[in-house]
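Below is one structure, written out as structure tokens; the observations come after it.
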Amino acid sequence: MATTKKDIRALTKDQLREFFVSQGDKPFRGNQVYEWLWIKSAHTFEDMTNISIETRQMLEDNFVINHIKVDTMQRSNDGTIKNAVRLHDGFLVESVLIPTKSRSTACVSSQVGCSLDCRFCATSRLKRMRNLNPDEIYDQVVAIDQQSRLYNDRPLSNIVFMGMGEPLMNYNNVLKAIDKITSKEGLAMSPKRITVSTSGVPKMIKKMADDEVKFNLAVSLHSAIDEVRTSIMPFNEHFPLADLREALEHWYSKTKSRITYEYIVWKGINDNKEAVEALIQFCKFAPSKVNLIEYNPIDDGEFQQANSEAVNMYLNMLESRNIVATIRRSRGKDIDAACGQLANKS
Ligand code: SF4
């Protein structure tokens with residue numbers, strides 16, 4: 001049932017302190033509740049055992065905690081875990097834990113559905129319903145951290161914003177979530193372990209640079225030839241490569257941090273020398289890394305992974321021009337948890 005009570009986690013710590021003062025209590029009570037909400041990740045007011053029963057009831061009367069619920073959890077043969085996450089208003093998003101030998105990476109969603117239209121991506125078939133709130137993004141990370149500790153005996157080491165949605169179309173909330181994730185009053189993770197992956201929204205990349213964010217940037221490029229890129233990512237018509245490149249130059253001039261490009265090589269689309277040469281010309285202005293990602297077909301088979309000769313051609317040509325390149329094998333394919341497969345099939 002819809003509630004008119006306010007989500008308590010929309011309040012800043014100062015606002016929470018002020019609320020308690022307005023109730024005739026001490027500001028310190030706000031600190032205690034804030035700690036329960038963010039560090040201890042309390043799901044209910046009842047969990048707050050060092051708060052008096054009367055105060056907990058008063059909080060219950062005024063606020064809600066819109067905590068996410070992991071509806072279903074699927075575990076792949078390779079240890080990858082995919083969560084279908086239920087939001088307080090019934091919508092579902094997905095998040096993934098990707099364990100490797102040295103890392104435990106969370107891939108989190110930033111929107112319900114997506115407003116962009118990458119033709120190779122399962123999420124693009126879901127209309128964008130709404131942006132996720134900062135606490136809904138934060139909760140996905142907490143849930144995956146707990147799963148990593150439970151199944152792999154170690155905490156989460158990295159986070160990528162590469163799940164459902166375009167994070168830069170929900171920039172303010174993504175930023176607020178990252179603030180909490182990196183705060184000592186949250187998960188205290190280093191921003192250097194967080195990567196925001198965008199399909200390339202030039203205006204927002206410039207804004208990130210001007211905001212002097214400390215996390216990493218990855219761009220899903222897939223082609224450095226406008227005509228080809230527009231055919232697979234139609235929004236490229238409105239955000240052409242020249243604008244993207246200008247925004248990235250601005251990013252690099254401000255941050256001096258290496259830019260990562262996510263790149264899939266498809267049969268008959270970009271598996272040729274001309275495409276690699278265009279990629280080199282596009283990214284050589286700054287230290288760059290190209291992740292050549294293995295493609296996971298989404299049902300209709302329109303896009304097919306290029307053969308290994310083509311992928312190796314990319315690797316060799318990039319390396320010969322001193323651009324770092326790696327081949328990323330996909331994980332969690334058997335549970336549709338791999339890149340581009342998140343579409344609420346669970
Ligand atoms: S690849 Fe990312 S930006 Fe493109 S449609 Fe899928 S979720 Fe949206």
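Chains: A, B, ... in order of the structure tokens. Residues: from 1 per chain. Ligands: from 1, in order shown.
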Considering only strand (DSSP E or B) as DSSP defines it on the backbone, what residues of stretch 4-167 of chain A qualify? List them as a ChimeraX atom specification. /A:6-7,63-64,69-75,81-86,92-99,104-107,111-112,114,127,130-131,158-161
Saved selection, atoms kept: N, CA and C atoms, as a compact mmCIF listing (two decimals), in the first residue's frame:
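After the write, part.txt holds the following:
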```
# COMPACT_ATOMS: atom_id res chain seq x y z
N LYS A 6 7.84 9.62 5.07
CA LYS A 6 9.06 9.97 4.35
C LYS A 6 10.12 8.87 4.51
N ASP A 7 10.89 8.66 3.45
CA ASP A 7 12.00 7.71 3.54
C ASP A 7 13.08 8.33 4.42
N PHE A 63 8.38 7.76 9.68
CA PHE A 63 9.25 7.42 8.54
C PHE A 63 9.10 5.97 8.10
N VAL A 64 9.64 5.69 6.93
CA VAL A 64 9.82 4.31 6.48
C VAL A 64 11.29 4.11 6.12
N LYS A 69 14.84 -5.64 -1.34
CA LYS A 69 14.79 -7.06 -0.94
C LYS A 69 15.36 -7.88 -2.07
N VAL A 70 16.24 -8.82 -1.74
CA VAL A 70 16.73 -9.72 -2.79
C VAL A 70 15.64 -10.77 -2.99
N ASP A 71 14.92 -10.66 -4.12
CA ASP A 71 13.79 -11.54 -4.40
C ASP A 71 14.27 -12.94 -4.73
N THR A 72 15.18 -13.02 -5.71
CA THR A 72 15.77 -14.32 -6.04
C THR A 72 17.26 -14.14 -6.24
N MET A 73 18.00 -15.19 -5.93
CA MET A 73 19.44 -15.17 -6.10
C MET A 73 19.82 -16.41 -6.91
N GLN A 74 20.54 -16.20 -8.02
CA GLN A 74 20.97 -17.36 -8.81
C GLN A 74 22.48 -17.42 -8.77
N ARG A 75 23.00 -18.65 -8.64
CA ARG A 75 24.45 -18.81 -8.56
C ARG A 75 24.92 -19.60 -9.77
N ILE A 81 27.08 -14.52 -8.99
CA ILE A 81 25.74 -14.51 -8.38
C ILE A 81 24.93 -13.37 -9.01
N LYS A 82 23.71 -13.70 -9.42
CA LYS A 82 22.82 -12.64 -9.93
C LYS A 82 21.63 -12.49 -8.98
N ASN A 83 21.40 -11.25 -8.57
CA ASN A 83 20.27 -10.96 -7.69
C ASN A 83 19.17 -10.25 -8.46
N ALA A 84 17.95 -10.71 -8.28
CA ALA A 84 16.80 -9.91 -8.72
C ALA A 84 16.35 -9.14 -7.50
N VAL A 85 16.43 -7.84 -7.58
CA VAL A 85 16.24 -6.99 -6.41
C VAL A 85 14.89 -6.28 -6.50
N ARG A 86 14.06 -6.48 -5.49
CA ARG A 86 12.72 -5.86 -5.46
C ARG A 86 12.81 -4.50 -4.74
N LEU A 92 11.61 -4.26 -10.26
CA LEU A 92 12.76 -5.15 -10.11
C LEU A 92 13.96 -4.59 -10.86
N VAL A 93 15.13 -4.70 -10.27
CA VAL A 93 16.38 -4.46 -11.00
C VAL A 93 17.31 -5.63 -10.70
N GLU A 94 18.43 -5.66 -11.37
CA GLU A 94 19.35 -6.77 -11.15
C GLU A 94 20.74 -6.27 -10.78
N SER A 95 21.41 -7.07 -9.97
CA SER A 95 22.80 -6.75 -9.62
C SER A 95 23.57 -8.06 -9.56
N VAL A 96 24.88 -7.97 -9.75
CA VAL A 96 25.67 -9.18 -9.94
C VAL A 96 26.95 -9.13 -9.10
N LEU A 97 27.31 -10.28 -8.53
CA LEU A 97 28.62 -10.42 -7.87
C LEU A 97 29.50 -11.27 -8.78
N ILE A 98 30.65 -10.72 -9.14
CA ILE A 98 31.57 -11.44 -10.03
C ILE A 98 32.87 -11.72 -9.26
N PRO A 99 33.02 -12.95 -8.78
CA PRO A 99 34.25 -13.27 -8.06
C PRO A 99 35.32 -13.79 -9.02
N SER A 104 36.53 -9.36 -5.87
CA SER A 104 35.09 -9.60 -5.79
C SER A 104 34.45 -8.31 -6.27
N THR A 105 33.84 -8.36 -7.44
CA THR A 105 33.31 -7.14 -8.03
C THR A 105 31.78 -7.15 -8.02
N ALA A 106 31.21 -6.02 -7.61
CA ALA A 106 29.75 -5.86 -7.68
C ALA A 106 29.42 -5.06 -8.93
N CYS A 107 28.47 -5.56 -9.71
CA CYS A 107 27.98 -4.80 -10.86
C CYS A 107 26.57 -4.36 -10.48
N GLN A 111 19.25 2.47 -12.81
CA GLN A 111 17.90 2.86 -13.23
C GLN A 111 17.03 1.61 -13.37
N VAL A 112 15.71 1.79 -13.27
CA VAL A 112 14.80 0.70 -13.61
C VAL A 112 14.59 0.79 -15.12
N CYS A 114 16.07 1.36 -19.01
CA CYS A 114 17.08 2.30 -19.50
C CYS A 114 16.45 3.19 -20.55
N LYS A 127 11.55 -0.32 -20.95
CA LYS A 127 11.42 1.13 -20.90
C LYS A 127 11.99 1.66 -19.58
N ARG A 130 12.06 4.48 -13.85
CA ARG A 130 12.47 5.55 -12.94
C ARG A 130 13.94 5.38 -12.60
N ASN A 131 14.49 6.45 -11.99
CA ASN A 131 15.85 6.37 -11.49
C ASN A 131 15.87 5.68 -10.14
N ASN A 158 35.64 -4.35 -5.48
CA ASN A 158 35.43 -3.37 -6.55
C ASN A 158 33.93 -3.22 -6.86
N ILE A 159 33.60 -2.08 -7.42
CA ILE A 159 32.21 -1.85 -7.84
C ILE A 159 32.22 -1.27 -9.25
N VAL A 160 31.38 -1.80 -10.12
CA VAL A 160 31.20 -1.17 -11.43
C VAL A 160 29.73 -0.81 -11.62
N PHE A 161 29.49 0.39 -12.11
CA PHE A 161 28.13 0.81 -12.45
C PHE A 161 27.91 0.41 -13.90
```
Contact residues around A:Ile264 with only C-alpha atoms at 7 Å, ignoring same-chain residues under 5 positions, as a compact mmCIF listing (two decimals) with all heavy atoms, in the first residue's frame:
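Output file part-v1.txt is given in full below:
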```
# COMPACT_ATOMS: atom_id res chain seq x y z
N HIS A 222 32.54 0.66 -28.40
CA HIS A 222 32.10 -0.34 -29.38
C HIS A 222 32.34 0.04 -30.85
O HIS A 222 32.35 -0.84 -31.70
CB HIS A 222 30.64 -0.75 -29.19
CG HIS A 222 30.34 -1.17 -27.78
ND1 HIS A 222 31.08 -2.11 -27.12
CD2 HIS A 222 29.42 -0.73 -26.89
CE1 HIS A 222 30.62 -2.25 -25.89
NE2 HIS A 222 29.62 -1.43 -25.72
N LEU A 292 38.41 -5.65 -24.30
CA LEU A 292 37.69 -6.32 -25.39
C LEU A 292 36.79 -7.37 -24.75
O LEU A 292 37.26 -8.39 -24.26
CB LEU A 292 38.70 -6.96 -26.35
CG LEU A 292 39.63 -5.93 -27.04
CD1 LEU A 292 40.85 -6.61 -27.63
CD2 LEU A 292 38.87 -5.14 -28.11
N ILE A 293 35.51 -7.06 -24.71
CA ILE A 293 34.57 -7.89 -23.93
C ILE A 293 33.92 -8.95 -24.80
O ILE A 293 33.42 -8.65 -25.90
CB ILE A 293 33.47 -7.00 -23.31
CG1 ILE A 293 34.13 -5.93 -22.43
CG2 ILE A 293 32.49 -7.80 -22.50
CD1 ILE A 293 33.15 -4.93 -21.89
N GLU A 294 33.90 -10.14 -24.28
CA GLU A 294 33.23 -11.23 -25.00
C GLU A 294 31.72 -10.96 -25.03
O GLU A 294 31.14 -10.54 -24.03
CB GLU A 294 33.49 -12.54 -24.27
CG GLU A 294 33.03 -13.75 -25.02
CD GLU A 294 33.17 -15.02 -24.18
OE1 GLU A 294 33.71 -14.96 -23.06
OE2 GLU A 294 32.73 -16.06 -24.66
N TYR A 295 31.09 -11.16 -26.15
CA TYR A 295 29.66 -10.84 -26.28
C TYR A 295 28.78 -12.02 -25.91
O TYR A 295 29.08 -13.17 -26.24
CB TYR A 295 29.34 -10.40 -27.71
CG TYR A 295 27.89 -10.00 -27.87
CD1 TYR A 295 27.37 -8.94 -27.14
CD2 TYR A 295 27.04 -10.69 -28.73
CE1 TYR A 295 26.04 -8.57 -27.26
CE2 TYR A 295 25.71 -10.33 -28.86
CZ TYR A 295 25.21 -9.26 -28.13
OH TYR A 295 23.89 -8.91 -28.24
```
Using only C-alpha atoms and all ligand atoms, which of A:Gly301, A:Gly165, A:Pro27, A:Gly332 sits nearest ligand 1?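 The shortest atom-to-atom distance to ligand 1 comes from A:Gly165.
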Write out as a VMD selection string each polymer residue (protein, DNA or RNA) that has an atom no more than 7 Å from ligand 1, with only C-alpha atoms and all ligand atoms counted. chain A and resid 114 to 118 121 to 124 162 to 166 198 to 199 340
Which of these, A:Asp334, A:Trp266, A:Asn296, A:Phe239, has the shortest distance to A:Glu309 once you count only C-alpha atoms?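 Among the listed residues, the smallest separation from A:Glu309 belongs to A:Trp266.
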As a ChimeraX atom specification, please: the residues near A:Gln15 (cut-off 10 Å, only C-alpha atoms, same-chain neighbours under 6 positions excluded). /A:8,21,27,30
Store the residues of this selection in a file with all heavy atoms, as a short mmCIF file (atom, residue, chain, number, x, y, z; two decimals), in the first residue's frame.
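Output file result.cif follows:
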```
data_model
loop_
_atom_site.label_atom_id
_atom_site.label_comp_id
_atom_site.auth_asym_id
_atom_site.auth_seq_id
_atom_site.Cartn_x
_atom_site.Cartn_y
_atom_site.Cartn_z
N ILE A 8 13.35 7.73 5.53
CA ILE A 8 14.29 8.33 6.50
C ILE A 8 15.70 8.46 5.91
O ILE A 8 16.44 9.36 6.26
CB ILE A 8 14.30 7.52 7.83
CG1 ILE A 8 15.04 8.32 8.91
CG2 ILE A 8 14.87 6.13 7.64
CD1 ILE A 8 14.82 7.83 10.32
N VAL A 21 16.10 17.10 17.55
CA VAL A 21 15.99 18.32 18.38
C VAL A 21 14.54 18.82 18.34
O VAL A 21 13.96 19.17 19.37
CB VAL A 21 16.98 19.41 17.87
CG1 VAL A 21 16.75 20.72 18.60
CG2 VAL A 21 18.43 18.95 18.07
N PRO A 27 20.59 15.97 19.81
CA PRO A 27 21.06 15.76 18.43
C PRO A 27 21.82 14.46 18.27
O PRO A 27 21.78 13.82 17.22
CB PRO A 27 21.99 16.96 18.18
CG PRO A 27 22.06 17.75 19.43
CD PRO A 27 21.06 17.22 20.41
N GLY A 30 20.35 11.52 16.62
CA GLY A 30 20.42 11.49 15.15
C GLY A 30 21.65 10.72 14.68
O GLY A 30 21.59 9.95 13.72
#
```
Can you tell me which residues surround A:Ile225 at a distance of at most 8 Å, considering only C-alpha atoms, apart from same-chain residues fewer than 6 positions away, and format the answer as a PyMOL selection string? chain A and resi 241+275+278
Export, as an mmCIF file, in the first residue's frame, the selected residues with C-alpha atoms.
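Result saved to result.cif:
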```cif
data_model
loop_
_atom_site.group_PDB
_atom_site.id
_atom_site.type_symbol
_atom_site.label_atom_id
_atom_site.label_comp_id
_atom_site.auth_asym_id
_atom_site.auth_seq_id
_atom_site.Cartn_x
_atom_site.Cartn_y
_atom_site.Cartn_z
ATOM 1 C CA LEU A 241 31.905 10.890 -31.374
ATOM 2 C CA ALA A 275 37.520 -0.129 -37.134
ATOM 3 C CA ALA A 278 39.564 4.412 -35.900
#
```
note - atom CA of A:Lys192 and atom CA of A:Arg258 are separated by 11.7 Å
For A:Ile232, which residue out of A:Ala286, A:Ile327, A:Val265, A:Ala247 is the nearest one, using only C-alpha atoms?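 That would be A:Val265, the residue with the smallest distance to A:Ile232.
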Which of A:Phe282, A:Pro155, A:Phe120, A:Pro202 sits closest to A:Gln304 [using only C-alpha atoms]: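 Comparing A:Phe282, A:Pro155, A:Phe120, A:Pro202 against A:Gln304, the winner is A:Phe120.
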Taking a cut-off of 8 Å and counting only C-alpha atoms, can you build a table that, for each residue of stretch 167-260 of chain A near stretch 135-154 of chain A, reports the nearest atom pair and how far apart they are in Å (one decimal), sorted by chain then residue number, as a tab-separated table?
```
residue	atom	partner	partner_atom	distance
A:Val174	CA	A:Ile137	CA	7.4
A:Ala177	CA	A:Tyr138	CA	5.6
A:Ile178	CA	A:Tyr138	CA	7.8
A:Lys180	CA	A:Tyr138	CA	7.3
A:Ile181	CA	A:Tyr138	CA	6.7
```
DSSP says helix (DSSP H, G or I) for which residues of stretch 126-207 of chain A? Put them as a PyMOL selection string? chain A and resi 134-152+167-182+191-193+202-207
Those same residues, written as a PDB file, in the first residue's frame with C-alpha atoms?
```pdb
ATOM      1  CA  PRO A 134      20.926   6.652  -3.613  1.00  0.00           C
ATOM      2  CA  ASP A 135      19.900   4.215  -0.859  1.00  0.00           C
ATOM      3  CA  GLU A 136      18.664   1.666  -3.425  1.00  0.00           C
ATOM      4  CA  ILE A 137      22.059   1.744  -5.123  1.00  0.00           C
ATOM      5  CA  TYR A 138      23.833   1.565  -1.769  1.00  0.00           C
ATOM      6  CA  ASP A 139      21.692  -1.404  -0.657  1.00  0.00           C
ATOM      7  CA  GLN A 140      22.668  -3.408  -3.759  1.00  0.00           C
ATOM      8  CA  VAL A 141      26.324  -2.965  -2.804  1.00  0.00           C
ATOM      9  CA  VAL A 142      25.688  -3.954   0.820  1.00  0.00           C
ATOM     10  CA  ALA A 143      23.773  -7.081  -0.244  1.00  0.00           C
ATOM     11  CA  ILE A 144      26.572  -8.130  -2.592  1.00  0.00           C
ATOM     12  CA  ASP A 145      29.239  -7.429   0.020  1.00  0.00           C
ATOM     13  CA  GLN A 146      27.383  -9.769   2.395  1.00  0.00           C
ATOM     14  CA  GLN A 147      27.169 -12.449  -0.317  1.00  0.00           C
ATOM     15  CA  SER A 148      30.876 -12.084  -1.055  1.00  0.00           C
ATOM     16  CA  ARG A 149      31.707 -12.597   2.628  1.00  0.00           C
ATOM     17  CA  LEU A 150      29.348 -15.564   2.864  1.00  0.00           C
ATOM     18  CA  TYR A 151      30.295 -17.430  -0.312  1.00  0.00           C
ATOM     19  CA  ASN A 152      33.884 -16.300  -0.937  1.00  0.00           C
ATOM     20  CA  PRO A 167      24.436   5.977 -14.597  1.00  0.00           C
ATOM     21  CA  LEU A 168      25.098   9.447 -15.996  1.00  0.00           C
ATOM     22  CA  MET A 169      21.368   9.850 -16.664  1.00  0.00           C
ATOM     23  CA  ASN A 170      20.932   9.478 -12.900  1.00  0.00           C
ATOM     24  CA  TYR A 171      24.054  11.378 -12.006  1.00  0.00           C
ATOM     25  CA  ASN A 172      23.038  13.086  -8.760  1.00  0.00           C
ATOM     26  CA  ASN A 173      21.790   9.895  -7.143  1.00  0.00           C
ATOM     27  CA  VAL A 174      24.789   7.882  -8.344  1.00  0.00           C
ATOM     28  CA  LEU A 175      27.077  10.518  -6.865  1.00  0.00           C
ATOM     29  CA  LYS A 176      25.199  10.486  -3.550  1.00  0.00           C
ATOM     30  CA  ALA A 177      25.394   6.674  -3.435  1.00  0.00           C
ATOM     31  CA  ILE A 178      29.141   6.759  -4.131  1.00  0.00           C
ATOM     32  CA  ASP A 179      29.560   9.362  -1.384  1.00  0.00           C
ATOM     33  CA  LYS A 180      27.953   6.920   1.049  1.00  0.00           C
ATOM     34  CA  ILE A 181      29.890   3.920  -0.256  1.00  0.00           C
ATOM     35  CA  THR A 182      33.195   5.759   0.190  1.00  0.00           C
ATOM     36  CA  PRO A 191      36.791   5.604  -4.849  1.00  0.00           C
ATOM     37  CA  LYS A 192      39.667   4.150  -6.845  1.00  0.00           C
ATOM     38  CA  ARG A 193      37.864   0.814  -6.614  1.00  0.00           C
ATOM     39  CA  PRO A 202      29.377  14.216 -23.222  1.00  0.00           C
ATOM     40  CA  LYS A 203      27.778  16.920 -21.080  1.00  0.00           C
ATOM     41  CA  MET A 204      27.815  14.683 -18.008  1.00  0.00           C
ATOM     42  CA  ILE A 205      31.389  13.504 -18.551  1.00  0.00           C
ATOM     43  CA  LYS A 206      32.436  17.159 -18.501  1.00  0.00           C
ATOM     44  CA  LYS A 207      30.400  17.725 -15.359  1.00  0.00           C
TER      45      LYS A 207
END
```
Would you pick out the contacts of A:Tyr314 at 10 Å or less, using only C-alpha atoms, so that residues sharing its chain but fewer than 6 positions from it are not included, and give the list as a VMD selection string? chain A and resid 265 271 to 273 275 to 277 279 to 280 290 292 308 320 325 to 327
Pull C-alpha atoms from the residues just selected and write them as an mmCIF file, in the first residue's frame.
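Generated output (selection_6.cif):
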```cif
data_model
loop_
_atom_site.group_PDB
_atom_site.id
_atom_site.type_symbol
_atom_site.label_atom_id
_atom_site.label_comp_id
_atom_site.auth_asym_id
_atom_site.auth_seq_id
_atom_site.Cartn_x
_atom_site.Cartn_y
_atom_site.Cartn_z
ATOM 1 C CA VAL A 265 33.896 -6.991 -31.462
ATOM 2 C CA ASP A 271 35.759 -6.904 -37.010
ATOM 3 C CA ASN A 272 37.972 -5.116 -39.546
ATOM 4 C CA LYS A 273 41.211 -3.124 -39.611
ATOM 5 C CA ALA A 275 37.520 -0.129 -37.134
ATOM 6 C CA VAL A 276 40.674 -0.805 -35.100
ATOM 7 C CA GLU A 277 42.499 2.108 -36.718
ATOM 8 C CA LEU A 279 39.628 3.192 -32.300
ATOM 9 C CA ILE A 280 43.361 3.928 -32.037
ATOM 10 C CA VAL A 290 40.634 -1.114 -24.006
ATOM 11 C CA LEU A 292 37.694 -6.320 -25.394
ATOM 12 C CA SER A 308 39.134 -15.034 -32.166
ATOM 13 C CA SER A 320 51.653 -2.153 -31.179
ATOM 14 C CA ALA A 325 44.287 -3.972 -24.169
ATOM 15 C CA THR A 326 42.814 -7.018 -22.431
ATOM 16 C CA ILE A 327 40.344 -9.674 -23.447
#
```
Have a look at A:Asn216, A:Asn66, A:Ser197, A:Gln57 and name the one nearest to A:Val108; count only C-alpha atoms. A:Ser197
Atom CA of A:Cys283 and atom CA of A:Glu227 are how many Å apart? 17.7 Å
In terms of the shortest atom-to-atom distance over only C-alpha atoms, which of A:Val33, A:Val213, A:Ile68, A:Ala306 is closest to A:Ser52?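 Closest residue, counting only C-alpha atoms: A:Val33.
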Could you please determine the separation between atom CA of A:Arg321 and atom CA of A:Lys267 in Å, to one decimal place?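 Computing the Euclidean distance for atom CA of A:Arg321 and atom CA of A:Lys267 yields 23.5 Å.
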Applying 9 Å and only C-alpha atoms, which residues near A:Tyr34 remain after dropping the ones on its own chain fewer than 4 positions away? List them as an NGL selection string. :A and (9 or 12-13 or 16-17 or 29-30 or 38-39 or 185)
